[in-house]
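Chemist: work-v5.tsv is reproduced in full below (TSV, C-alpha atoms).
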```tsv
chain	number	residue	atom	x	y	z
A	1	MET	CA	-19.69	29.54	-56.07
A	2	SER	CA	-21.94	28.73	-53.13
A	3	ILE	CA	-23.75	25.40	-53.50
A	4	THR	CA	-26.55	24.30	-51.19
A	5	VAL	CA	-28.86	21.30	-51.18
A	6	PRO	CA	-31.59	20.64	-52.02
A	7	GLY	CA	-30.16	21.95	-55.24
A	8	PRO	CA	-31.48	23.11	-58.60
A	9	THR	CA	-33.80	21.27	-60.97
A	10	LEU	CA	-32.28	19.94	-64.18
A	11	GLY	CA	-34.39	19.74	-67.34
A	12	VAL	CA	-33.54	16.86	-69.68
A	13	VAL	CA	-34.78	16.52	-73.24
A	14	GLY	CA	-35.12	12.76	-73.59
A	15	GLY	CA	-36.34	10.24	-71.06
A	16	GLY	CA	-34.77	6.98	-72.20
A	17	GLN	CA	-32.22	4.90	-70.34
A	18	LEU	CA	-29.68	7.73	-70.33
A	19	GLY	CA	-32.21	10.09	-68.77
A	20	ARG	CA	-33.09	7.40	-66.24
A	21	MET	CA	-29.48	6.89	-65.16
A	22	LEU	CA	-28.89	10.65	-65.14
A	23	ALA	CA	-31.84	11.13	-62.78
A	24	GLU	CA	-30.55	8.31	-60.56
A	25	ALA	CA	-27.13	9.97	-60.34
A	26	ALA	CA	-28.48	13.49	-59.81
A	27	ALA	CA	-30.77	12.61	-56.91
A	28	PRO	CA	-28.03	11.94	-54.29
A	29	LEU	CA	-26.60	15.38	-55.12
A	30	GLY	CA	-29.92	16.97	-54.17
A	31	VAL	CA	-30.68	17.70	-57.83
A	32	GLU	CA	-34.16	16.92	-59.12
A	33	THR	CA	-34.82	16.21	-62.79
A	34	ILE	CA	-37.74	16.81	-65.12
A	35	VAL	CA	-37.64	14.96	-68.42
A	36	LEU	CA	-39.32	15.65	-71.75
A	37	ASP	CA	-40.18	12.60	-73.82
A	38	PRO	CA	-42.95	11.67	-76.28
A	39	THR	CA	-43.53	8.26	-74.67
A	40	PRO	CA	-45.86	8.43	-71.64
A	41	ASP	CA	-44.29	6.84	-68.57
A	42	CYS	CA	-40.91	6.73	-70.31
A	43	PRO	CA	-37.99	4.82	-68.73
A	44	ALA	CA	-36.81	7.91	-66.81
A	45	ALA	CA	-40.25	8.75	-65.43
A	46	PRO	CA	-40.13	6.50	-62.33
A	47	VAL	CA	-36.94	8.15	-61.06
A	48	ALA	CA	-37.40	11.72	-62.30
A	49	ARG	CA	-39.46	14.30	-60.42
A	50	ASP	CA	-41.82	14.71	-63.38
A	51	GLN	CA	-42.23	14.12	-67.10
A	52	ILE	CA	-43.49	16.48	-69.76
A	53	VAL	CA	-44.99	14.42	-72.58
A	54	GLY	CA	-43.92	16.03	-75.85
A	55	ASP	CA	-41.79	15.54	-78.93
A	56	PHE	CA	-38.09	16.34	-78.89
A	57	ASP	CA	-38.70	19.10	-81.45
A	58	ASP	CA	-41.85	20.55	-79.84
A	59	PRO	CA	-41.04	24.22	-79.10
A	60	GLU	CA	-43.95	24.64	-76.69
A	61	ALA	CA	-42.98	21.57	-74.66
A	62	ILE	CA	-39.31	22.58	-74.56
A	63	GLY	CA	-40.38	26.05	-73.44
A	64	ARG	CA	-42.41	24.56	-70.57
A	65	LEU	CA	-39.44	22.44	-69.57
A	66	ALA	CA	-37.19	25.52	-69.47
A	67	GLU	CA	-39.70	27.47	-67.36
A	68	ARG	CA	-39.74	24.74	-64.70
A	69	THR	CA	-36.00	24.13	-64.43
A	70	ASP	CA	-32.73	25.87	-63.62
A	71	ALA	CA	-30.64	24.39	-66.43
A	72	LEU	CA	-31.29	22.41	-69.60
A	73	THR	CA	-29.50	19.46	-71.17
A	74	TYR	CA	-30.38	16.56	-73.47
A	75	GLU	CA	-29.73	12.85	-73.61
A	76	ILE	CA	-30.59	12.32	-77.26
A	77	GLU	CA	-29.32	14.02	-80.41
A	78	LEU	CA	-32.88	14.32	-81.76
A	79	ALA	CA	-33.38	17.38	-79.55
A	80	ASP	CA	-33.94	20.50	-81.63
A	81	PRO	CA	-31.04	22.97	-81.18
A	82	ASP	CA	-33.02	26.01	-82.37
A	83	HIS	CA	-35.87	25.37	-79.93
A	84	LEU	CA	-33.37	24.75	-77.12
A	85	ALA	CA	-31.67	28.07	-77.83
A	86	THR	CA	-34.99	29.93	-77.91
A	87	ALA	CA	-36.25	28.32	-74.72
A	88	SER	CA	-32.96	29.02	-72.98
A	89	ALA	CA	-33.07	32.71	-73.93
A	90	GLU	CA	-36.73	33.21	-73.06
A	91	ALA	CA	-36.57	31.44	-69.71
A	92	GLY	CA	-33.12	32.75	-68.81
A	93	VAL	CA	-31.67	29.31	-68.10
A	94	PRO	CA	-28.46	27.86	-69.54
A	95	VAL	CA	-28.39	24.86	-71.89
A	96	HIS	CA	-25.36	22.58	-72.09
A	97	PRO	CA	-23.76	21.30	-74.22
A	98	THR	CA	-24.56	24.33	-76.35
A	99	PRO	CA	-27.13	24.21	-79.15
A	100	GLU	CA	-24.32	25.05	-81.57
A	101	THR	CA	-22.43	21.92	-80.56
A	102	LEU	CA	-25.57	19.82	-80.90
A	103	ARG	CA	-26.27	21.26	-84.34
A	104	THR	CA	-22.77	20.36	-85.53
A	105	ILE	CA	-22.87	16.82	-84.18
A	106	GLN	CA	-26.33	16.19	-85.65
A	107	ASP	CA	-24.70	16.47	-89.08
A	108	LYS	CA	-21.98	13.85	-89.52
A	109	PHE	CA	-20.39	15.77	-92.39
A	110	ALA	CA	-20.31	19.02	-90.39
A	111	GLU	CA	-18.81	17.10	-87.47
A	112	LYS	CA	-16.01	15.73	-89.66
A	113	GLU	CA	-15.36	19.16	-91.14
A	114	MET	CA	-15.12	20.67	-87.65
A	115	LEU	CA	-12.71	17.99	-86.45
A	116	SER	CA	-10.58	18.11	-89.59
A	117	GLY	CA	-10.43	21.89	-89.43
A	118	ALA	CA	-9.16	21.65	-85.86
A	119	GLY	CA	-6.35	19.34	-86.93
A	120	ILE	CA	-7.88	16.30	-85.21
A	121	PRO	CA	-7.20	13.00	-87.02
A	122	VAL	CA	-10.25	11.43	-88.70
A	123	PRO	CA	-10.71	8.77	-91.39
A	124	ALA	CA	-10.65	10.05	-94.97
A	125	TYR	CA	-14.17	11.08	-95.94
A	126	ARG	CA	-16.25	12.53	-98.72
A	127	ARG	CA	-19.63	14.24	-98.88
A	128	VAL	CA	-22.26	12.26	-100.78
A	129	ASP	CA	-25.00	14.20	-102.57
A	130	SER	CA	-25.65	11.68	-105.35
A	131	VAL	CA	-25.14	8.08	-106.39
A	132	ALA	CA	-22.25	9.28	-108.54
A	133	ASP	CA	-20.60	10.82	-105.47
A	134	LEU	CA	-20.81	7.49	-103.66
A	135	GLU	CA	-19.46	5.59	-106.66
A	136	ALA	CA	-16.53	8.00	-106.84
A	137	ALA	CA	-15.83	7.58	-103.12
A	138	VAL	CA	-15.86	3.79	-103.42
A	139	GLU	CA	-13.42	3.95	-106.31
A	140	GLU	CA	-11.18	6.43	-104.46
A	141	PHE	CA	-11.09	4.62	-101.13
A	142	GLY	CA	-11.62	1.04	-102.28
A	143	GLY	CA	-14.69	0.67	-100.08
A	144	VAL	CA	-16.49	2.99	-97.68
A	145	MET	CA	-18.77	3.18	-94.68
A	146	LEU	CA	-21.82	5.07	-95.91
A	147	LYS	CA	-23.49	7.13	-93.18
A	148	ALA	CA	-26.68	9.14	-93.30
A	149	ARG	CA	-25.67	12.67	-92.34
A	150	HIS	CA	-28.68	13.13	-90.09
A	151	GLY	CA	-30.63	10.87	-87.76
A	152	GLY	CA	-28.39	7.80	-87.58
A	153	TYR	CA	-28.38	6.14	-84.16
A	154	ASP	CA	-27.01	2.92	-82.64
A	155	GLY	CA	-25.62	1.78	-85.99
A	156	ARG	CA	-28.78	2.65	-87.90
A	157	GLY	CA	-28.05	4.68	-91.00
A	158	ASN	CA	-24.59	3.12	-91.41
A	159	LEU	CA	-23.78	0.64	-94.18
A	160	PRO	CA	-20.50	-0.67	-95.63
A	161	VAL	CA	-20.24	-0.31	-99.40
A	162	ARG	CA	-17.44	-2.23	-101.12
A	163	SER	CA	-18.45	-2.04	-104.77
A	164	VAL	CA	-19.84	0.65	-107.07
A	165	ASP	CA	-22.55	-1.85	-108.00
A	166	GLU	CA	-23.91	-1.53	-104.45
A	167	ALA	CA	-24.10	2.27	-104.48
A	168	GLU	CA	-27.69	2.92	-105.51
A	169	ALA	CA	-29.17	0.28	-103.22
A	170	ALA	CA	-26.96	1.42	-100.34
A	171	ILE	CA	-28.19	4.99	-100.58
A	172	ARG	CA	-31.78	3.74	-100.48
A	173	GLU	CA	-31.04	1.56	-97.46
A	174	VAL	CA	-29.61	4.38	-95.36
A	175	GLY	CA	-32.69	6.44	-96.13
A	176	ALA	CA	-31.08	9.03	-98.37
A	177	SER	CA	-32.62	8.09	-101.72
A	178	ASP	CA	-34.86	11.09	-102.51
A	179	GLU	CA	-32.19	13.73	-102.03
A	180	PRO	CA	-28.98	11.90	-101.08
A	181	ASP	CA	-27.60	13.48	-97.94
A	182	ALA	CA	-24.84	11.22	-96.70
A	183	LEU	CA	-21.19	10.86	-95.82
A	184	ALA	CA	-18.75	8.26	-97.12
A	185	GLU	CA	-15.75	7.33	-94.96
A	186	THR	CA	-12.94	5.06	-95.96
A	187	LEU	CA	-13.25	1.64	-94.35
A	188	VAL	CA	-10.72	1.72	-91.51
A	189	ASP	CA	-8.58	-1.36	-90.94
A	190	PHE	CA	-8.47	-0.84	-87.18
A	191	GLU	CA	-6.86	-2.95	-84.49
A	192	ARG	CA	-9.58	-2.15	-81.98
A	193	GLU	CA	-12.32	0.35	-81.30
A	194	LEU	CA	-11.73	2.62	-78.32
A	195	SER	CA	-13.59	5.40	-76.58
A	196	VAL	CA	-12.89	8.11	-74.06
A	197	ILE	CA	-15.61	9.68	-71.94
A	198	GLY	CA	-14.60	13.32	-71.62
A	199	VAL	CA	-16.05	15.90	-69.25
A	200	GLN	CA	-16.04	19.63	-69.90
A	201	GLY	CA	-16.75	21.55	-66.70
A	202	ASP	CA	-16.68	25.18	-65.70
A	203	GLY	CA	-13.01	25.87	-66.38
A	204	GLU	CA	-11.91	22.27	-65.86
A	205	VAL	CA	-11.59	19.21	-68.08
A	206	ARG	CA	-11.37	15.56	-67.06
A	207	THR	CA	-11.29	12.28	-68.93
A	208	PHE	CA	-12.09	8.74	-67.87
A	209	PRO	CA	-9.71	5.86	-68.61
A	210	VAL	CA	-9.75	4.58	-72.18
A	211	GLY	CA	-12.33	1.88	-72.88
A	212	GLU	CA	-12.17	-0.87	-75.49
A	213	ASN	CA	-15.44	-1.42	-77.34
A	214	VAL	CA	-16.65	-4.62	-78.95
A	215	HIS	CA	-19.24	-4.10	-81.70
A	216	GLU	CA	-21.30	-6.54	-83.73
A	217	THR	CA	-23.47	-5.42	-86.66
A	218	GLU	CA	-22.64	-1.81	-85.74
A	219	ILE	CA	-24.11	-2.17	-82.22
A	220	LEU	CA	-21.99	-1.93	-79.08
A	221	ARG	CA	-21.97	-5.24	-77.21
A	222	GLU	CA	-19.27	-4.89	-74.52
A	223	THR	CA	-16.84	-2.32	-73.12
A	224	VAL	CA	-13.60	-3.34	-71.37
A	225	VAL	CA	-11.85	-0.84	-69.10
A	226	PRO	CA	-8.94	-0.35	-69.12
A	227	ALA	CA	-8.59	-1.02	-72.83
A	228	ARG	CA	-6.32	-3.89	-73.76
A	229	THR	CA	-3.84	-1.73	-75.60
A	230	ARG	CA	-0.36	-0.30	-75.10
A	231	ASP	CA	0.18	2.55	-72.66
A	232	ALA	CA	1.42	4.79	-75.47
A	233	VAL	CA	-1.78	4.22	-77.44
A	234	ALA	CA	-3.94	4.95	-74.39
A	235	GLU	CA	-2.02	8.16	-73.77
A	236	ARG	CA	-2.49	9.18	-77.40
A	237	ALA	CA	-6.23	8.45	-77.15
A	238	GLN	CA	-6.47	10.66	-74.07
A	239	ALA	CA	-4.61	13.47	-75.85
A	240	VAL	CA	-6.86	13.28	-78.91
A	241	ALA	CA	-9.95	13.26	-76.68
A	242	ARG	CA	-8.79	16.43	-74.97
A	243	ASP	CA	-8.24	18.05	-78.35
A	244	VAL	CA	-11.83	17.13	-79.24
A	245	LEU	CA	-13.11	18.72	-76.03
A	246	ASP	CA	-11.16	21.88	-76.85
A	247	ALA	CA	-12.97	22.06	-80.20
A	248	LEU	CA	-16.45	21.79	-78.67
A	249	ASP	CA	-18.57	24.40	-76.92
A	250	GLY	CA	-20.49	23.90	-73.72
A	251	ARG	CA	-20.27	21.91	-70.53
A	252	GLY	CA	-21.16	18.27	-70.08
A	253	VAL	CA	-20.08	14.74	-70.85
A	254	PHE	CA	-19.00	13.75	-74.35
A	255	GLY	CA	-18.62	10.20	-75.60
A	256	ILE	CA	-15.68	10.18	-78.03
A	257	GLU	CA	-15.47	7.06	-80.21
A	258	LEU	CA	-12.04	6.24	-81.64
A	259	PHE	CA	-10.24	3.81	-83.93
A	260	GLU	CA	-6.81	2.45	-83.05
A	261	THR	CA	-4.89	1.70	-86.24
A	262	ASP	CA	-1.15	1.02	-86.40
A	263	GLY	CA	-0.67	2.91	-83.13
A	264	GLU	CA	-2.50	5.97	-84.46
A	265	ILE	CA	-5.81	7.25	-83.17
A	266	LEU	CA	-8.64	8.40	-85.45
A	267	VAL	CA	-11.88	9.96	-84.23
A	268	ASN	CA	-14.95	8.09	-85.41
A	269	GLU	CA	-17.91	9.95	-83.90
A	270	ILE	CA	-18.84	12.12	-80.91
A	271	ALA	CA	-21.91	12.02	-78.71
A	272	PRO	CA	-22.66	15.26	-76.79
A	273	ARG	CA	-24.06	13.34	-73.82
A	274	PRO	CA	-23.35	10.32	-71.62
A	275	HIS	CA	-22.51	7.35	-73.81
A	276	ASN	CA	-23.17	3.61	-73.79
A	277	SER	CA	-19.42	2.95	-73.55
A	278	GLY	CA	-19.33	4.89	-70.27
A	279	HIS	CA	-21.90	2.82	-68.39
A	280	TRP	CA	-19.06	0.90	-66.73
A	281	SER	CA	-18.31	4.03	-64.70
A	282	ILE	CA	-21.38	3.58	-62.46
A	283	GLU	CA	-19.64	0.79	-60.55
A	284	GLY	CA	-16.13	1.14	-61.96
A	285	ALA	CA	-15.26	4.78	-61.30
A	286	VAL	CA	-15.31	7.14	-58.33
A	287	ALA	CA	-17.93	9.41	-59.95
A	288	SER	CA	-19.94	8.02	-62.87
A	289	GLN	CA	-20.36	9.72	-66.22
A	290	PHE	CA	-23.96	10.54	-65.22
A	291	GLU	CA	-22.96	12.28	-62.01
A	292	GLN	CA	-20.27	14.13	-63.94
A	293	HIS	CA	-22.81	15.29	-66.54
A	294	ALA	CA	-25.11	16.72	-63.88
A	295	ARG	CA	-22.20	18.47	-62.16
A	296	ALA	CA	-20.83	19.85	-65.42
A	297	VAL	CA	-24.13	21.14	-66.81
A	298	LEU	CA	-24.85	22.92	-63.52
A	299	GLY	CA	-21.36	24.42	-63.42
A	300	TRP	CA	-20.46	22.53	-60.24
A	301	PRO	CA	-16.97	21.17	-59.50
A	302	LEU	CA	-16.33	17.88	-61.28
A	303	GLY	CA	-15.81	14.60	-59.48
A	304	SER	CA	-12.93	12.19	-59.81
A	305	THR	CA	-12.72	10.10	-62.98
A	306	ARG	CA	-10.37	7.61	-61.32
A	307	GLN	CA	-11.13	3.96	-62.01
A	308	ARG	CA	-11.93	1.88	-58.92
A	309	ALA	CA	-11.32	-1.54	-60.50
A	310	PRO	CA	-11.01	-3.32	-63.83
A	311	THR	CA	-14.53	-3.38	-65.23
A	312	VAL	CA	-16.52	-4.84	-68.13
A	313	SER	CA	-20.03	-3.83	-69.12
A	314	ALA	CA	-22.14	-5.99	-71.44
A	315	ASN	CA	-25.31	-4.77	-73.13
A	316	VAL	CA	-28.53	-6.72	-72.75
A	317	LEU	CA	-30.16	-6.55	-76.18
A	318	GLY	CA	-33.56	-7.70	-77.33
A	319	THR	CA	-33.09	-11.38	-78.25
A	320	VAL	CA	-36.52	-11.65	-79.87
A	321	ASP	CA	-37.85	-11.95	-83.39
A	322	ALA	CA	-40.74	-9.51	-82.98
A	323	GLU	CA	-41.82	-6.78	-80.58
A	324	ARG	CA	-43.56	-7.89	-77.40
A	325	VAL	CA	-43.97	-7.02	-73.73
A	326	ALA	CA	-40.57	-7.07	-72.02
A	327	GLU	CA	-39.99	-9.62	-69.29
A	328	LEU	CA	-36.40	-10.63	-68.56
A	329	ASP	CA	-35.75	-14.13	-67.29
A	330	GLY	CA	-32.70	-15.70	-65.66
A	331	VAL	CA	-31.54	-12.75	-63.56
A	332	GLU	CA	-30.71	-14.99	-60.56
A	333	ALA	CA	-27.18	-15.72	-61.74
A	334	VAL	CA	-26.37	-12.00	-62.04
A	335	LEU	CA	-27.82	-11.26	-58.62
A	336	GLU	CA	-25.96	-14.16	-57.04
A	337	SER	CA	-22.60	-13.07	-58.45
A	338	GLU	CA	-20.67	-10.95	-55.95
A	339	ALA	CA	-18.91	-9.10	-58.76
A	340	ALA	CA	-21.88	-8.38	-61.05
A	341	HIS	CA	-24.49	-5.63	-61.23
A	342	LEU	CA	-27.72	-5.63	-63.26
A	343	HIS	CA	-29.13	-2.45	-64.79
A	344	TRP	CA	-32.67	-2.68	-66.18
A	345	TYR	CA	-33.77	0.26	-68.33
A	346	GLY	CA	-37.51	0.01	-67.65
A	347	LYS	CA	-38.64	-0.25	-71.27
A	348	GLU	CA	-42.09	-1.79	-71.55
A	349	GLN	CA	-41.56	-3.34	-74.98
A	350	VAL	CA	-38.65	-5.43	-76.22
A	351	ARG	CA	-37.74	-5.36	-79.92
A	352	PRO	CA	-35.00	-7.13	-81.88
A	353	LEU	CA	-31.60	-5.79	-80.77
A	354	ARG	CA	-33.16	-3.01	-78.66
A	355	LYS	CA	-30.97	-2.01	-75.71
A	356	MET	CA	-32.87	-3.19	-72.64
A	357	GLY	CA	-30.21	-3.06	-69.94
A	358	HIS	CA	-26.65	-3.93	-69.16
A	359	VAL	CA	-24.58	-6.12	-66.85
A	360	THR	CA	-21.40	-4.82	-65.24
A	361	VAL	CA	-18.71	-7.05	-63.76
A	362	THR	CA	-15.88	-5.63	-61.65
A	363	ASP	CA	-12.67	-7.13	-60.31
A	364	GLU	CA	-12.12	-5.41	-56.98
A	365	ASP	CA	-9.00	-7.46	-56.25
A	366	GLY	CA	-7.49	-6.79	-59.67
A	367	ASP	CA	-6.41	-10.42	-60.00
A	368	ALA	CA	-8.44	-11.49	-63.03
A	369	ALA	CA	-7.22	-11.11	-66.59
A	370	LEU	CA	-9.35	-8.71	-68.60
A	371	GLY	CA	-10.17	-11.50	-71.04
A	372	ASP	CA	-11.55	-13.60	-68.19
A	373	LEU	CA	-13.55	-10.66	-66.88
A	374	LEU	CA	-15.02	-10.15	-70.35
A	375	ALA	CA	-15.89	-13.84	-70.60
A	376	SER	CA	-17.64	-13.68	-67.23
A	377	ALA	CA	-19.70	-10.66	-68.25
A	378	ARG	CA	-20.68	-12.32	-71.52
A	379	GLU	CA	-21.70	-15.54	-69.80
A	380	LEU	CA	-23.92	-13.74	-67.30
A	381	ARG	CA	-25.45	-11.59	-70.05
A	382	ASP	CA	-25.98	-14.48	-72.47
A	383	ASP	CA	-27.82	-16.51	-69.83
A	384	LEU	CA	-30.50	-13.81	-69.72
A	385	SER	CA	-33.50	-14.21	-72.02
A	386	PHE	CA	-36.88	-12.68	-72.77
A	387	ARG	CA	-40.01	-14.72	-72.12
```
The structure in this file should be written as structure tokens.
Modeler:
Amino acid sequence: MSITVPGPTLGVVGGGQLGRMLAEAAAPLGVETIVLDPTPDCPAAPVARDQIVGDFDDPEAIGRLAERTDALTYEIELADPDHLATASAEAGVPVHPTPETLRTIQDKFAEKEMLSGAGIPVPAYRRVDSVADLEAAVEEFGGVMLKARHGGYDGRGNLPVRSVDEAEAAIREVGASDEPDALAETLVDFERELSVIGVQGDGEVRTFPVGENVHETEILRETVVPARTRDAVAERAQAVARDVLDALDGRGVFGIELFETDGEILVNEIAPRPHNSGHWSIEGAVASQFEQHARAVLGWPLGSTRQRAPTVSANVLGTVDAERVAELDGVEAVLESEAAHLHWYGKEQVRPLRKMGHVTVTDEDGDAALGDLLASARELRDDLSFR
């Protein structure tokens, strides 16, 4: 392969914070990006070459994106796999990860069936097509995590159900009441939540170090890398992640969420794109997950996934009661810290618990305990507020 710069133009369906950080990482490689997003002046627009305003499932808009670019990808699972496949064929440009992979991951039940069929360990699960199905699952497992099969995002569409008396209301709450279309998983008594950011390139596979994820109300709050777990567990997590990559089609970055339970690793969910738990890699790794995604989708050689230093990333969420114009206050402490980095996502409106940015703290000397590094990241993050 002969690579020259300026390089190709990458088309991205989705222009949120992931598209923004992807465009930031692609630019130094000589790769320009064009994003498609329904929100005018979306977060990625200031750093991308251009934006096409259109819905994620608009075939005409996706077709225009394909005609103007050399390769297609997506940063949100709401992209339409059929329209991506059609646009790719008509414009003669590749799309990665493949539409088939996206279609599978859009359906949580199909995803579990694919993983289970490949011999990859997952929590016990059951398809839910009725209230009776959910009641049976609760009785069988003694409590479940009910998940909408389609459209769930950032914890939305997920609800723990511990009693059959909660079944009917739970189905309504996850938005599956008219024609129940959900998945019930046994509630996992895990020691910690882990993730591996995997990269599938053109004939090569790499994985980042295992991260430890801290969730609250189903939303990721912090990621600690390396994970505070035993070496044997981390090695097992890496092995399972590589098995997942083997089961998926197409190039790109995949966020693989895992449960550690009694030394065993179970796969929770997969994201066919850069993932929130990989944001630490911007400062903490040699080549970030966003640079790796651009390289992989284009079929370029992958970069190193080696960790530079112990790192913690902490999400900045909307600490407001109602939607309003976003203005973040108290950033001085982050800017004054020699070990901290602020990432602002450029969203014009802040809403309760909306992801607005993140703070990353690194320990270049490697002297600090990971718990202290986590405490530092939390303190800097928690001192931020919205006016």
Chemist: Of the candidates A:Glu204, A:Glu135, A:Glu291, A:Asp70, which one gets nearest to A:Pro274 if we count all atoms listed in the file?
Modeler: A:Glu291
Chemist: Would you mind reading off the distance between atom CA of A:Gly63 and atom CA of A:Thr33, one decimal, in Å?
Modeler: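 Straight-line distance from atom CA of A:Gly63 to atom CA of A:Thr33 works out to 15.5 Å.
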Chemist: I'd like the contact shell of A:Lys112 - 9 Å cut-off, all atoms listed in the file, skipping same-chain residues fewer than 3 positions apart - returned as a PyMOL selection string.
Modeler: chain A and resi 105+107-109+115-117+122-123+125+267-269
Chemist: Could you give me, as an MDAnalysis selection string, the residues within 8 Å of stretch 310-326 of chain A, counting all atoms listed in the file and dropping anything in the same chain fewer than 6 positions from it?
Modeler: chainID A and resid 220:226 279:280 284 347:364 366 370 373:374 377:378 381 384:387
Chemist: Any chance you can output those residues with C-alpha atoms as a PDB file, keeping the file's coordinate frame?
Modeler:
```pdb
ATOM      1  CA  LEU A 220     -21.990  -1.930 -79.080  1.00  0.00           C
ATOM      2  CA  ARG A 221     -21.970  -5.240 -77.210  1.00  0.00           C
ATOM      3  CA  GLU A 222     -19.270  -4.890 -74.520  1.00  0.00           C
ATOM      4  CA  THR A 223     -16.840  -2.320 -73.120  1.00  0.00           C
ATOM      5  CA  VAL A 224     -13.600  -3.340 -71.370  1.00  0.00           C
ATOM      6  CA  VAL A 225     -11.850  -0.840 -69.100  1.00  0.00           C
ATOM      7  CA  PRO A 226      -8.940  -0.350 -69.120  1.00  0.00           C
ATOM      8  CA  HIS A 279     -21.900   2.820 -68.390  1.00  0.00           C
ATOM      9  CA  TRP A 280     -19.060   0.900 -66.730  1.00  0.00           C
ATOM     10  CA  GLY A 284     -16.130   1.140 -61.960  1.00  0.00           C
ATOM     11  CA  LYS A 347     -38.640  -0.250 -71.270  1.00  0.00           C
ATOM     12  CA  GLU A 348     -42.090  -1.790 -71.550  1.00  0.00           C
ATOM     13  CA  GLN A 349     -41.560  -3.340 -74.980  1.00  0.00           C
ATOM     14  CA  VAL A 350     -38.650  -5.430 -76.220  1.00  0.00           C
ATOM     15  CA  ARG A 351     -37.740  -5.360 -79.920  1.00  0.00           C
ATOM     16  CA  PRO A 352     -35.000  -7.130 -81.880  1.00  0.00           C
ATOM     17  CA  LEU A 353     -31.600  -5.790 -80.770  1.00  0.00           C
ATOM     18  CA  ARG A 354     -33.160  -3.010 -78.660  1.00  0.00           C
ATOM     19  CA  LYS A 355     -30.970  -2.010 -75.710  1.00  0.00           C
ATOM     20  CA  MET A 356     -32.870  -3.190 -72.640  1.00  0.00           C
ATOM     21  CA  GLY A 357     -30.210  -3.060 -69.940  1.00  0.00           C
ATOM     22  CA  HIS A 358     -26.650  -3.930 -69.160  1.00  0.00           C
ATOM     23  CA  VAL A 359     -24.580  -6.120 -66.850  1.00  0.00           C
ATOM     24  CA  THR A 360     -21.400  -4.820 -65.240  1.00  0.00           C
ATOM     25  CA  VAL A 361     -18.710  -7.050 -63.760  1.00  0.00           C
ATOM     26  CA  THR A 362     -15.880  -5.630 -61.650  1.00  0.00           C
ATOM     27  CA  ASP A 363     -12.670  -7.130 -60.310  1.00  0.00           C
ATOM     28  CA  GLU A 364     -12.120  -5.410 -56.980  1.00  0.00           C
ATOM     29  CA  GLY A 366      -7.490  -6.790 -59.670  1.00  0.00           C
ATOM     30  CA  LEU A 370      -9.350  -8.710 -68.600  1.00  0.00           C
ATOM     31  CA  LEU A 373     -13.550 -10.660 -66.880  1.00  0.00           C
ATOM     32  CA  LEU A 374     -15.020 -10.150 -70.350  1.00  0.00           C
ATOM     33  CA  ALA A 377     -19.700 -10.660 -68.250  1.00  0.00           C
ATOM     34  CA  ARG A 378     -20.680 -12.320 -71.520  1.00  0.00           C
ATOM     35  CA  ARG A 381     -25.450 -11.590 -70.050  1.00  0.00           C
ATOM     36  CA  LEU A 384     -30.500 -13.810 -69.720  1.00  0.00           C
ATOM     37  CA  SER A 385     -33.500 -14.210 -72.020  1.00  0.00           C
ATOM     38  CA  PHE A 386     -36.880 -12.680 -72.770  1.00  0.00           C
ATOM     39  CA  ARG A 387     -40.010 -14.720 -72.120  1.00  0.00           C
TER      40      ARG A 387
END
```
Chemist: Mind listing as an MDAnalysis selection string all residues within 9 Å of (-5.7, -3.0, -77.2), counting all atoms listed in the file?
Modeler: chainID A and resid 191:194 212 227:230 233:234 260
Chemist: Measuring atom to atom with only C-alpha atoms, identify which of A:Thr86, A:Gln238, A:Asn276, A:Gln289 is nearest to A:Leu22.
Modeler: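 Closest to A:Leu22, using only C-alpha atoms: A:Gln289.
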Chemist: To one decimal in Å, tell me the separation between atom CA of A:Val240 and atom CA of A:Leu258.
Modeler: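 These two atoms are separated by 9.2 Å.
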Chemist: Quick one: 5 Å padding each side, axis-aligned, all listed atoms of stretch 340-358 of chain A - centre and edge lengths in Å to one decimal, as lines of an AutoDock Vina configuration file?
Modeler:
```
center_x = -32.0
center_y = -4.1
center_z = -71.5
size_x = 30.2
size_y = 18.6
size_z = 30.8
```
Chemist: Interatomic distance between atom CA of A:Leu159 and atom CA of A:Phe141?
Modeler: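 Separation between atom CA of A:Leu159 and atom CA of A:Phe141: 15.0 Å.
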Chemist: Tell me, as a PyMOL selection string, which residues lie within 9 Å of stretch 91-94 of chain A, counting all atoms listed in the file; anything in the same chain fewer than 4 positions away does not count.
Modeler: chain A and resi 63+66-73+85-87+98+297-298
Chemist: Contacts of A:Asn158 at 10 Å or less, counting only C-alpha atoms, minus same-chain residues fewer than 5 places along, as a count of residues only?
Modeler: 16
Chemist: Find, counting all atoms listed in the file, the residue in A:Val188, A:Ala25, A:Glu140, A:Ser337 that gets nearest to A:Ser281.
Modeler: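 Of the candidates, the smallest distance to A:Ser281 is held by A:Ala25.
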Chemist: Counting all atoms listed in the file, write as an NGL selection string all protein and nucleic acid residues lying at most 9 Å from (-18.3, 7.2, -57.4) in the file's frame.
Modeler: :A and (281-288 or 291 or 303-306 or 308)
Chemist: From the list A:Ser130, A:Ser163, A:Gln307, A:Ser376, which residue is nearest A:Ala339 when using all atoms listed in the file?
Modeler: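 That would be A:Ser376, the residue with the smallest distance to A:Ala339.
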